[in-house]
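Just start-v4.cif here, mmCIF, N, CA and C atoms:
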data_input
#
loop_
_atom_site.label_atom_id
_atom_site.label_comp_id
_atom_site.auth_asym_id
_atom_site.auth_seq_id
_atom_site.Cartn_x
_atom_site.Cartn_y
_atom_site.Cartn_z
N MET A 1 21.06 60.13 -72.66
CA MET A 1 20.37 59.52 -71.55
C MET A 1 19.38 60.53 -71.00
N ASN A 2 18.24 60.05 -70.62
CA ASN A 2 17.19 60.90 -70.10
C ASN A 2 17.40 61.09 -68.61
N SER A 3 17.44 62.34 -68.17
CA SER A 3 17.71 62.61 -66.76
C SER A 3 16.44 62.92 -65.98
N LYS A 4 15.29 62.68 -66.55
CA LYS A 4 14.04 62.94 -65.84
C LYS A 4 13.86 61.93 -64.71
N VAL A 5 13.30 62.39 -63.61
CA VAL A 5 13.07 61.53 -62.46
C VAL A 5 11.64 61.03 -62.52
N GLU A 6 11.48 59.72 -62.42
CA GLU A 6 10.15 59.12 -62.43
C GLU A 6 9.49 59.31 -61.08
N GLN A 7 8.24 59.72 -61.09
CA GLN A 7 7.48 59.88 -59.86
C GLN A 7 6.66 58.61 -59.63
N PRO A 8 6.84 57.99 -58.46
CA PRO A 8 6.05 56.78 -58.19
C PRO A 8 4.59 57.12 -57.99
N GLY A 9 3.75 56.15 -58.25
CA GLY A 9 2.32 56.34 -58.05
C GLY A 9 1.54 55.64 -59.14
N SER A 10 0.28 55.41 -58.87
CA SER A 10 -0.54 54.65 -59.82
C SER A 10 -1.22 55.56 -60.83
N GLY A 11 -1.15 56.87 -60.67
CA GLY A 11 -1.77 57.77 -61.62
C GLY A 11 -3.03 58.39 -61.05
N SER A 12 -3.56 59.34 -61.78
CA SER A 12 -4.75 60.03 -61.32
C SER A 12 -5.98 59.17 -61.56
N ALA A 13 -7.09 59.63 -61.00
CA ALA A 13 -8.34 58.88 -61.17
C ALA A 13 -8.75 58.87 -62.64
N GLY A 14 -8.49 59.96 -63.34
CA GLY A 14 -8.82 60.01 -64.76
C GLY A 14 -8.04 58.99 -65.56
N ASP A 15 -6.76 58.81 -65.19
CA ASP A 15 -5.95 57.82 -65.89
C ASP A 15 -6.45 56.41 -65.62
N ILE A 16 -6.85 56.14 -64.41
CA ILE A 16 -7.36 54.81 -64.07
C ILE A 16 -8.64 54.53 -64.86
N VAL A 17 -9.48 55.54 -65.02
CA VAL A 17 -10.69 55.38 -65.82
C VAL A 17 -10.32 55.10 -67.28
N LYS A 18 -9.31 55.80 -67.78
CA LYS A 18 -8.86 55.57 -69.16
C LYS A 18 -8.32 54.15 -69.34
N TYR A 19 -7.55 53.66 -68.36
CA TYR A 19 -7.04 52.29 -68.44
C TYR A 19 -8.19 51.30 -68.47
N ALA A 20 -9.16 51.50 -67.59
CA ALA A 20 -10.31 50.60 -67.53
C ALA A 20 -11.10 50.65 -68.84
N LEU A 21 -11.29 51.85 -69.39
CA LEU A 21 -12.01 51.99 -70.65
C LEU A 21 -11.26 51.29 -71.78
N ALA A 22 -9.93 51.41 -71.79
CA ALA A 22 -9.14 50.74 -72.82
C ALA A 22 -9.30 49.23 -72.73
N VAL A 23 -9.25 48.70 -71.52
CA VAL A 23 -9.43 47.26 -71.34
C VAL A 23 -10.84 46.83 -71.77
N LEU A 24 -11.84 47.64 -71.43
CA LEU A 24 -13.21 47.32 -71.82
C LEU A 24 -13.38 47.35 -73.34
N LEU A 25 -12.71 48.29 -74.01
CA LEU A 25 -12.81 48.34 -75.47
C LEU A 25 -12.20 47.10 -76.12
N VAL A 26 -11.07 46.65 -75.60
CA VAL A 26 -10.47 45.41 -76.12
C VAL A 26 -11.40 44.23 -75.84
N ALA A 27 -11.93 44.17 -74.63
CA ALA A 27 -12.84 43.08 -74.26
C ALA A 27 -14.10 43.11 -75.14
N ALA A 28 -14.60 44.31 -75.44
CA ALA A 28 -15.78 44.43 -76.29
C ALA A 28 -15.49 43.92 -77.70
N GLY A 29 -14.32 44.23 -78.21
CA GLY A 29 -13.95 43.72 -79.54
C GLY A 29 -13.87 42.21 -79.57
N VAL A 30 -13.26 41.63 -78.54
CA VAL A 30 -13.15 40.17 -78.47
C VAL A 30 -14.52 39.54 -78.26
N ALA A 31 -15.34 40.15 -77.39
CA ALA A 31 -16.69 39.62 -77.14
C ALA A 31 -17.52 39.67 -78.42
N THR A 32 -17.37 40.74 -79.19
CA THR A 32 -18.08 40.84 -80.47
C THR A 32 -17.66 39.71 -81.40
N TYR A 33 -16.36 39.42 -81.42
CA TYR A 33 -15.85 38.33 -82.27
C TYR A 33 -16.47 37.00 -81.85
N ILE A 34 -16.56 36.77 -80.55
CA ILE A 34 -17.07 35.49 -80.04
C ILE A 34 -18.59 35.41 -80.18
N TYR A 35 -19.30 36.48 -79.81
CA TYR A 35 -20.76 36.43 -79.74
C TYR A 35 -21.41 36.43 -81.12
N PHE A 36 -20.88 37.23 -82.04
CA PHE A 36 -21.50 37.34 -83.36
C PHE A 36 -20.83 36.40 -84.35
N ASP A 37 -20.94 35.11 -84.10
CA ASP A 37 -20.29 34.12 -84.96
C ASP A 37 -21.00 33.96 -86.30
N GLN A 38 -22.20 34.54 -86.46
CA GLN A 38 -22.88 34.48 -87.75
C GLN A 38 -22.37 35.55 -88.71
N TRP A 39 -21.62 36.53 -88.21
CA TRP A 39 -21.04 37.56 -89.08
C TRP A 39 -19.92 36.96 -89.91
N ALA A 40 -19.59 37.65 -90.99
CA ALA A 40 -18.46 37.23 -91.82
C ALA A 40 -17.17 37.38 -91.00
N GLY A 41 -16.19 36.55 -91.32
CA GLY A 41 -14.94 36.56 -90.57
C GLY A 41 -14.24 37.90 -90.61
N ILE A 42 -14.31 38.59 -91.76
CA ILE A 42 -13.65 39.89 -91.88
C ILE A 42 -14.32 40.93 -90.99
N ALA A 43 -15.63 40.85 -90.85
CA ALA A 43 -16.35 41.80 -90.00
C ALA A 43 -16.01 41.55 -88.53
N ARG A 44 -15.92 40.28 -88.16
CA ARG A 44 -15.57 39.95 -86.78
C ARG A 44 -14.14 40.39 -86.48
N ALA A 45 -13.23 40.15 -87.41
CA ALA A 45 -11.85 40.59 -87.22
C ALA A 45 -11.77 42.11 -87.18
N GLY A 46 -12.59 42.78 -87.97
CA GLY A 46 -12.65 44.24 -87.95
C GLY A 46 -13.11 44.77 -86.60
N ALA A 47 -14.05 44.06 -85.97
CA ALA A 47 -14.52 44.47 -84.64
C ALA A 47 -13.38 44.38 -83.62
N VAL A 48 -12.60 43.32 -83.70
CA VAL A 48 -11.45 43.18 -82.79
C VAL A 48 -10.43 44.27 -83.07
N ALA A 49 -10.16 44.53 -84.35
CA ALA A 49 -9.20 45.57 -84.71
C ALA A 49 -9.68 46.94 -84.26
N ALA A 50 -10.97 47.21 -84.43
CA ALA A 50 -11.52 48.49 -83.99
C ALA A 50 -11.40 48.64 -82.47
N GLY A 51 -11.68 47.57 -81.74
CA GLY A 51 -11.53 47.62 -80.29
C GLY A 51 -10.09 47.90 -79.88
N LEU A 52 -9.14 47.27 -80.56
CA LEU A 52 -7.73 47.49 -80.25
C LEU A 52 -7.30 48.91 -80.58
N VAL A 53 -7.73 49.42 -81.74
CA VAL A 53 -7.35 50.79 -82.14
C VAL A 53 -7.95 51.81 -81.18
N LEU A 54 -9.23 51.66 -80.86
CA LEU A 54 -9.87 52.60 -79.93
C LEU A 54 -9.23 52.52 -78.55
N ALA A 55 -8.88 51.32 -78.11
CA ALA A 55 -8.22 51.18 -76.81
C ALA A 55 -6.85 51.85 -76.82
N ALA A 56 -6.13 51.72 -77.93
CA ALA A 56 -4.81 52.37 -78.04
C ALA A 56 -4.96 53.88 -78.01
N VAL A 57 -5.96 54.41 -78.69
CA VAL A 57 -6.19 55.86 -78.68
C VAL A 57 -6.50 56.34 -77.27
N VAL A 58 -7.36 55.62 -76.57
CA VAL A 58 -7.70 56.01 -75.20
C VAL A 58 -6.48 55.92 -74.30
N PHE A 59 -5.71 54.82 -74.44
CA PHE A 59 -4.51 54.65 -73.61
C PHE A 59 -3.50 55.75 -73.86
N LEU A 60 -3.31 56.13 -75.11
CA LEU A 60 -2.29 57.13 -75.44
C LEU A 60 -2.64 58.53 -74.93
N THR A 61 -3.87 58.75 -74.49
CA THR A 61 -4.23 60.04 -73.89
C THR A 61 -3.95 60.07 -72.40
N SER A 62 -3.55 58.95 -71.81
CA SER A 62 -3.26 58.89 -70.38
C SER A 62 -1.81 59.28 -70.12
N ALA A 63 -1.43 59.35 -68.85
CA ALA A 63 -0.06 59.70 -68.47
C ALA A 63 0.92 58.63 -68.96
N LYS A 64 0.58 57.37 -68.77
CA LYS A 64 1.44 56.28 -69.26
C LYS A 64 1.51 56.30 -70.78
N GLY A 65 0.44 56.67 -71.43
CA GLY A 65 0.45 56.80 -72.88
C GLY A 65 1.40 57.90 -73.33
N LEU A 66 1.43 59.00 -72.60
CA LEU A 66 2.37 60.07 -72.90
C LEU A 66 3.81 59.58 -72.74
N GLN A 67 4.06 58.82 -71.69
CA GLN A 67 5.40 58.26 -71.49
C GLN A 67 5.74 57.28 -72.61
N THR A 68 4.76 56.51 -73.06
CA THR A 68 4.98 55.56 -74.15
C THR A 68 5.32 56.29 -75.44
N ARG A 69 4.57 57.35 -75.73
CA ARG A 69 4.86 58.13 -76.94
C ARG A 69 6.24 58.76 -76.87
N GLU A 70 6.62 59.26 -75.69
CA GLU A 70 7.95 59.85 -75.52
C GLU A 70 9.04 58.80 -75.71
N PHE A 71 8.82 57.61 -75.16
CA PHE A 71 9.78 56.51 -75.32
C PHE A 71 9.95 56.14 -76.79
N LEU A 72 8.83 56.03 -77.50
CA LEU A 72 8.89 55.67 -78.92
C LEU A 72 9.59 56.76 -79.73
N SER A 73 9.35 58.00 -79.37
CA SER A 73 10.02 59.11 -80.06
C SER A 73 11.52 59.07 -79.82
N GLU A 74 11.94 58.83 -78.57
CA GLU A 74 13.36 58.74 -78.26
C GLU A 74 14.00 57.52 -78.91
N SER A 75 13.26 56.42 -78.98
CA SER A 75 13.78 55.21 -79.64
C SER A 75 14.01 55.47 -81.12
N ARG A 76 13.08 56.15 -81.74
CA ARG A 76 13.23 56.49 -83.15
C ARG A 76 14.44 57.38 -83.38
N PHE A 77 14.65 58.33 -82.46
CA PHE A 77 15.82 59.21 -82.55
C PHE A 77 17.11 58.40 -82.42
N GLU A 78 17.13 57.45 -81.50
CA GLU A 78 18.32 56.62 -81.29
C GLU A 78 18.58 55.71 -82.49
N LEU A 79 17.51 55.24 -83.15
CA LEU A 79 17.68 54.39 -84.33
C LEU A 79 18.36 55.13 -85.47
N ARG A 80 18.22 56.45 -85.50
CA ARG A 80 18.89 57.22 -86.54
C ARG A 80 20.40 57.21 -86.35
N LYS A 81 20.86 56.94 -85.13
CA LYS A 81 22.29 56.93 -84.84
C LYS A 81 22.95 55.59 -85.17
N VAL A 82 22.15 54.57 -85.40
CA VAL A 82 22.69 53.23 -85.62
C VAL A 82 23.39 53.17 -86.97
N VAL A 83 24.56 52.55 -86.97
CA VAL A 83 25.28 52.31 -88.22
C VAL A 83 24.95 50.88 -88.64
N TRP A 84 24.13 50.74 -89.67
CA TRP A 84 23.69 49.43 -90.11
C TRP A 84 24.76 48.79 -90.98
N PRO A 85 24.89 47.46 -90.91
CA PRO A 85 25.91 46.79 -91.73
C PRO A 85 25.54 46.82 -93.21
N THR A 86 26.57 46.74 -94.03
CA THR A 86 26.32 46.65 -95.47
C THR A 86 25.81 45.24 -95.79
N ARG A 87 25.35 45.07 -97.01
CA ARG A 87 24.85 43.75 -97.42
C ARG A 87 25.97 42.72 -97.34
N GLN A 88 27.18 43.10 -97.76
CA GLN A 88 28.31 42.18 -97.74
C GLN A 88 28.66 41.78 -96.31
N GLU A 89 28.67 42.73 -95.38
CA GLU A 89 28.96 42.41 -93.97
C GLU A 89 27.89 41.50 -93.39
N ALA A 90 26.63 41.76 -93.73
CA ALA A 90 25.53 40.92 -93.23
C ALA A 90 25.65 39.50 -93.76
N MET A 91 26.00 39.35 -95.03
CA MET A 91 26.15 38.01 -95.62
C MET A 91 27.31 37.26 -94.99
N ARG A 92 28.43 37.94 -94.78
CA ARG A 92 29.57 37.28 -94.15
C ARG A 92 29.22 36.83 -92.73
N THR A 93 28.58 37.69 -91.98
CA THR A 93 28.19 37.34 -90.61
C THR A 93 27.21 36.17 -90.62
N THR A 94 26.29 36.16 -91.57
CA THR A 94 25.32 35.07 -91.67
C THR A 94 26.03 33.75 -91.93
N TRP A 95 27.01 33.74 -92.83
CA TRP A 95 27.75 32.51 -93.11
C TRP A 95 28.54 32.05 -91.90
N VAL A 96 29.11 32.98 -91.15
CA VAL A 96 29.84 32.61 -89.93
C VAL A 96 28.89 31.93 -88.94
N VAL A 97 27.70 32.48 -88.79
CA VAL A 97 26.71 31.89 -87.88
C VAL A 97 26.28 30.51 -88.36
N ILE A 98 26.03 30.36 -89.65
CA ILE A 98 25.62 29.06 -90.20
C ILE A 98 26.70 28.01 -89.97
N ILE A 99 27.95 28.37 -90.23
CA ILE A 99 29.06 27.43 -90.04
C ILE A 99 29.23 27.08 -88.57
N ALA A 100 29.12 28.08 -87.69
CA ALA A 100 29.26 27.82 -86.25
C ALA A 100 28.16 26.89 -85.76
N VAL A 101 26.94 27.09 -86.22
CA VAL A 101 25.82 26.22 -85.82
C VAL A 101 26.05 24.81 -86.33
N ALA A 102 26.53 24.67 -87.56
CA ALA A 102 26.78 23.33 -88.11
C ALA A 102 27.86 22.61 -87.32
N VAL A 103 28.95 23.31 -87.01
CA VAL A 103 30.05 22.68 -86.26
C VAL A 103 29.59 22.29 -84.87
N LEU A 104 28.88 23.19 -84.19
CA LEU A 104 28.41 22.85 -82.84
C LEU A 104 27.41 21.72 -82.86
N SER A 105 26.56 21.65 -83.88
CA SER A 105 25.60 20.54 -83.95
C SER A 105 26.32 19.22 -84.17
N LEU A 106 27.39 19.21 -84.96
CA LEU A 106 28.17 17.99 -85.15
C LEU A 106 28.87 17.57 -83.85
N ILE A 107 29.38 18.54 -83.11
CA ILE A 107 30.02 18.23 -81.82
C ILE A 107 29.01 17.65 -80.86
N LEU A 108 27.83 18.26 -80.78
CA LEU A 108 26.80 17.75 -79.88
C LEU A 108 26.31 16.36 -80.30
N ALA A 109 26.20 16.13 -81.60
CA ALA A 109 25.79 14.80 -82.08
C ALA A 109 26.83 13.76 -81.71
N ALA A 110 28.12 14.10 -81.83
CA ALA A 110 29.19 13.17 -81.46
C ALA A 110 29.15 12.88 -79.96
N MET A 111 28.92 13.92 -79.16
CA MET A 111 28.83 13.69 -77.72
C MET A 111 27.63 12.82 -77.38
N ASP A 112 26.53 13.02 -78.07
CA ASP A 112 25.34 12.21 -77.84
C ASP A 112 25.60 10.75 -78.17
N LEU A 113 26.26 10.50 -79.30
CA LEU A 113 26.59 9.12 -79.67
C LEU A 113 27.54 8.50 -78.66
N LEU A 114 28.51 9.26 -78.17
CA LEU A 114 29.45 8.75 -77.18
C LEU A 114 28.74 8.40 -75.88
N ILE A 115 27.89 9.27 -75.41
CA ILE A 115 27.15 9.01 -74.17
C ILE A 115 26.23 7.81 -74.35
N GLN A 116 25.58 7.73 -75.51
CA GLN A 116 24.70 6.60 -75.80
C GLN A 116 25.50 5.30 -75.79
N PHE A 117 26.67 5.29 -76.39
CA PHE A 117 27.52 4.10 -76.41
C PHE A 117 27.95 3.71 -75.00
N LEU A 118 28.34 4.71 -74.19
CA LEU A 118 28.77 4.41 -72.82
C LEU A 118 27.63 3.86 -71.97
N VAL A 119 26.44 4.41 -72.13
CA VAL A 119 25.29 3.92 -71.36
C VAL A 119 24.97 2.48 -71.76
N LYS A 120 24.99 2.19 -73.05
CA LYS A 120 24.75 0.81 -73.51
C LYS A 120 25.83 -0.14 -73.00
N LEU A 121 27.06 0.33 -72.95
CA LEU A 121 28.17 -0.48 -72.45
C LEU A 121 27.98 -0.78 -70.97
N ILE A 122 27.60 0.24 -70.20
CA ILE A 122 27.39 0.04 -68.76
C ILE A 122 26.21 -0.89 -68.50
N LEU A 123 25.13 -0.74 -69.26
CA LEU A 123 23.95 -1.56 -69.05
C LEU A 123 24.10 -2.95 -69.66
N GLY A 124 25.11 -3.16 -70.45
CA GLY A 124 25.37 -4.48 -71.03
C GLY A 124 24.46 -4.81 -72.19
N GLN A 125 24.04 -3.86 -72.92
CA GLN A 125 23.15 -4.10 -74.07
C GLN A 125 23.90 -4.10 -75.36
#
Any chance you could give the structure as C-alpha coordinates?
Amino acid sequence: MNSKVEQPGSGSAGDIVKYALAVLLVAAGVATYIYFDQWAGIARAGAVAAGLVLAAVVFLTSAKGLQTREFLSESRFELRKVVWPTRQEAMRTTWVVIIAVAVLSLILAAMDLLIQFLVKLILGQ
(Lines of atoms letter the chains of each structure in order from A and count residues from 1; the text may use other names and numbers.)
(Lines give C-alpha, C1' and ligand atoms only; values in the text may rest on other atoms or scores of the structure.)
Protein backbone atom coordinates (compact mmCIF):
# COMPACT_ATOMS: atom_id res chain seq x y z
CA MET A 1 0.00 0.00 0.00
CA ASN A 2 1.25 3.44 -0.84
CA SER A 3 1.58 5.67 2.20
CA LYS A 4 2.11 8.93 0.33
CA VAL A 5 -0.22 11.76 1.27
CA GLU A 6 -2.02 13.45 -1.60
CA GLN A 7 -1.81 17.23 -1.61
CA PRO A 8 -5.04 18.93 -2.65
CA GLY A 9 -4.93 21.57 -5.32
CA SER A 10 -5.44 22.08 -9.02
CA GLY A 11 -1.74 22.15 -9.91
CA SER A 12 0.70 24.79 -11.00
CA ALA A 13 0.13 27.22 -13.82
CA GLY A 14 2.50 25.22 -16.00
CA ASP A 15 0.44 22.09 -15.47
CA ILE A 16 -2.76 23.90 -16.37
CA VAL A 17 -1.12 25.09 -19.60
CA LYS A 18 -0.05 21.50 -20.33
CA TYR A 19 -3.61 20.24 -19.76
CA ALA A 20 -5.00 22.91 -22.08
CA LEU A 21 -2.36 22.13 -24.72
CA ALA A 22 -3.19 18.41 -24.50
CA VAL A 23 -6.88 19.13 -25.01
CA LEU A 24 -6.08 21.44 -27.93
CA LEU A 25 -3.92 18.76 -29.56
CA VAL A 26 -6.75 16.24 -29.36
CA ALA A 27 -9.20 18.84 -30.68
CA ALA A 28 -6.79 19.68 -33.53
CA GLY A 29 -6.59 16.02 -34.52
CA VAL A 30 -10.36 15.68 -34.53
CA ALA A 31 -10.80 18.99 -36.38
CA THR A 32 -8.29 17.82 -38.99
CA TYR A 33 -10.32 14.64 -39.44
CA ILE A 34 -13.54 16.61 -39.90
CA TYR A 35 -12.22 19.54 -41.96
CA PHE A 36 -9.99 17.67 -44.42
CA ASP A 37 -12.59 15.23 -45.70
CA GLN A 38 -10.89 15.13 -49.12
CA TRP A 39 -7.85 13.38 -47.58
CA ALA A 40 -7.59 9.61 -47.59
CA GLY A 41 -9.18 7.92 -44.60
CA ILE A 42 -5.85 6.61 -43.34
CA ALA A 43 -4.33 10.10 -43.39
CA ARG A 44 -7.28 11.52 -41.48
CA ALA A 45 -7.10 8.71 -38.93
CA GLY A 46 -3.36 9.32 -38.67
CA ALA A 47 -4.02 12.96 -37.83
CA VAL A 48 -6.33 11.92 -34.99
CA ALA A 49 -3.78 9.36 -33.77
CA ALA A 50 -0.99 11.93 -33.91
CA GLY A 51 -3.09 14.39 -31.92
CA LEU A 52 -3.80 11.74 -29.29
CA VAL A 53 -0.15 10.66 -29.04
CA LEU A 54 1.14 14.23 -28.79
CA ALA A 55 -1.52 15.05 -26.19
CA ALA A 56 -0.51 11.99 -24.16
CA VAL A 57 3.15 13.02 -24.29
CA VAL A 58 2.30 16.53 -23.13
CA PHE A 59 0.00 15.22 -20.38
CA LEU A 60 2.60 12.76 -19.11
CA THR A 61 5.03 15.63 -18.47
CA SER A 62 2.60 17.24 -16.01
CA ALA A 63 2.19 16.45 -12.30
CA LYS A 64 -0.92 14.34 -12.94
CA GLY A 65 0.98 12.58 -15.71
CA LEU A 66 3.72 11.71 -13.23
CA GLN A 67 1.08 10.31 -10.87
CA THR A 68 -0.41 8.34 -13.77
CA ARG A 69 2.96 6.86 -14.69
CA GLU A 70 3.58 5.95 -11.04
CA PHE A 71 0.15 4.31 -10.81
CA LEU A 72 0.77 2.29 -13.97
CA SER A 73 4.17 1.22 -12.68
CA GLU A 74 2.70 0.09 -9.35
CA SER A 75 -0.14 -1.70 -11.16
CA ARG A 76 2.35 -3.58 -13.28
CA PHE A 77 4.26 -4.56 -10.15
CA GLU A 78 1.05 -5.82 -8.52
CA LEU A 79 0.15 -7.83 -11.65
CA ARG A 80 3.35 -9.80 -11.19
CA LYS A 81 1.98 -11.02 -7.85
CA VAL A 82 -1.23 -12.41 -9.36
CA VAL A 83 -1.56 -16.18 -9.49
CA TRP A 84 -3.32 -16.82 -12.79
CA PRO A 85 -5.53 -19.90 -13.18
CA THR A 86 -4.41 -22.82 -15.27
CA ARG A 87 -6.18 -23.60 -18.53
CA GLN A 88 -8.05 -26.48 -16.87
CA GLU A 89 -9.25 -24.26 -13.99
CA ALA A 90 -10.37 -21.57 -16.44
CA MET A 91 -12.31 -24.11 -18.52
CA ARG A 92 -14.03 -25.58 -15.46
CA THR A 93 -15.00 -22.13 -14.21
CA THR A 94 -16.29 -21.21 -17.67
CA TRP A 95 -18.52 -24.30 -17.77
CA VAL A 96 -19.86 -23.52 -14.30
CA VAL A 97 -20.77 -20.01 -15.45
CA ILE A 98 -22.40 -21.30 -18.66
CA ILE A 99 -24.49 -23.83 -16.73
CA ALA A 100 -25.49 -21.26 -14.09
CA VAL A 101 -26.60 -18.80 -16.78
CA ALA A 102 -28.60 -21.51 -18.56
CA VAL A 103 -30.35 -22.60 -15.35
CA LEU A 104 -31.14 -19.03 -14.31
CA SER A 105 -32.47 -18.19 -17.77
CA LEU A 106 -34.80 -21.21 -17.62
CA ILE A 107 -36.02 -20.14 -14.16
CA LEU A 108 -36.66 -16.60 -15.38
CA ALA A 109 -38.45 -17.88 -18.49
CA ALA A 110 -40.70 -20.07 -16.30
CA MET A 111 -41.47 -17.12 -14.04
CA ASP A 112 -42.27 -14.99 -17.08
CA LEU A 113 -44.67 -17.61 -18.43
CA LEU A 114 -46.32 -17.93 -15.00
CA ILE A 115 -46.79 -14.18 -14.65
CA GLN A 116 -48.07 -13.96 -18.22
CA PHE A 117 -50.59 -16.74 -17.50
CA LEU A 118 -51.76 -15.05 -14.29
CA VAL A 119 -52.20 -11.68 -15.99
CA LYS A 120 -54.23 -13.26 -18.79
CA LEU A 121 -56.32 -15.11 -16.20
CA ILE A 122 -57.01 -11.91 -14.27
CA LEU A 123 -57.87 -9.94 -17.41
CA GLY A 124 -60.09 -12.76 -18.67
CA GLN A 125 -58.33 -13.28 -21.99
Considering only C-alpha atoms, give me a table of residues in range 62-88 of chain A that are at most 10 Å from range 18-35 of chain A, with the closest atom pair and distance in Å for each, as JSON lines.
{"residue": "A:Ser62", "atom": "CA", "partner": "A:Lys18", "partner_atom": "CA", "distance": 6.6}
{"residue": "A:Ala63", "atom": "CA", "partner": "A:Lys18", "partner_atom": "CA", "distance": 9.7}
{"residue": "A:Lys64", "atom": "CA", "partner": "A:Tyr19", "partner_atom": "CA", "distance": 9.4}
{"residue": "A:Gly65", "atom": "CA", "partner": "A:Tyr19", "partner_atom": "CA", "distance": 9.8}
For CA of Thr61 in chain A and atom N of Ala47 in chain A, the interatomic separation in Å (one decimal): 22.3 Å
Quick check, in Å to one decimal: how far apart do CA of Leu118 in chain A and CA of Leu106 in chain A lie?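 CA of Leu106 in chain A lies at a distance of 18.4 Å from CA of Leu118 in chain A.
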Gap from CA of Arg69 in chain A to CA of Ala55 in chain A - Å, one decimal: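 Separation between CA of Arg69 in chain A and CA of Ala55 in chain A: 14.8 Å.
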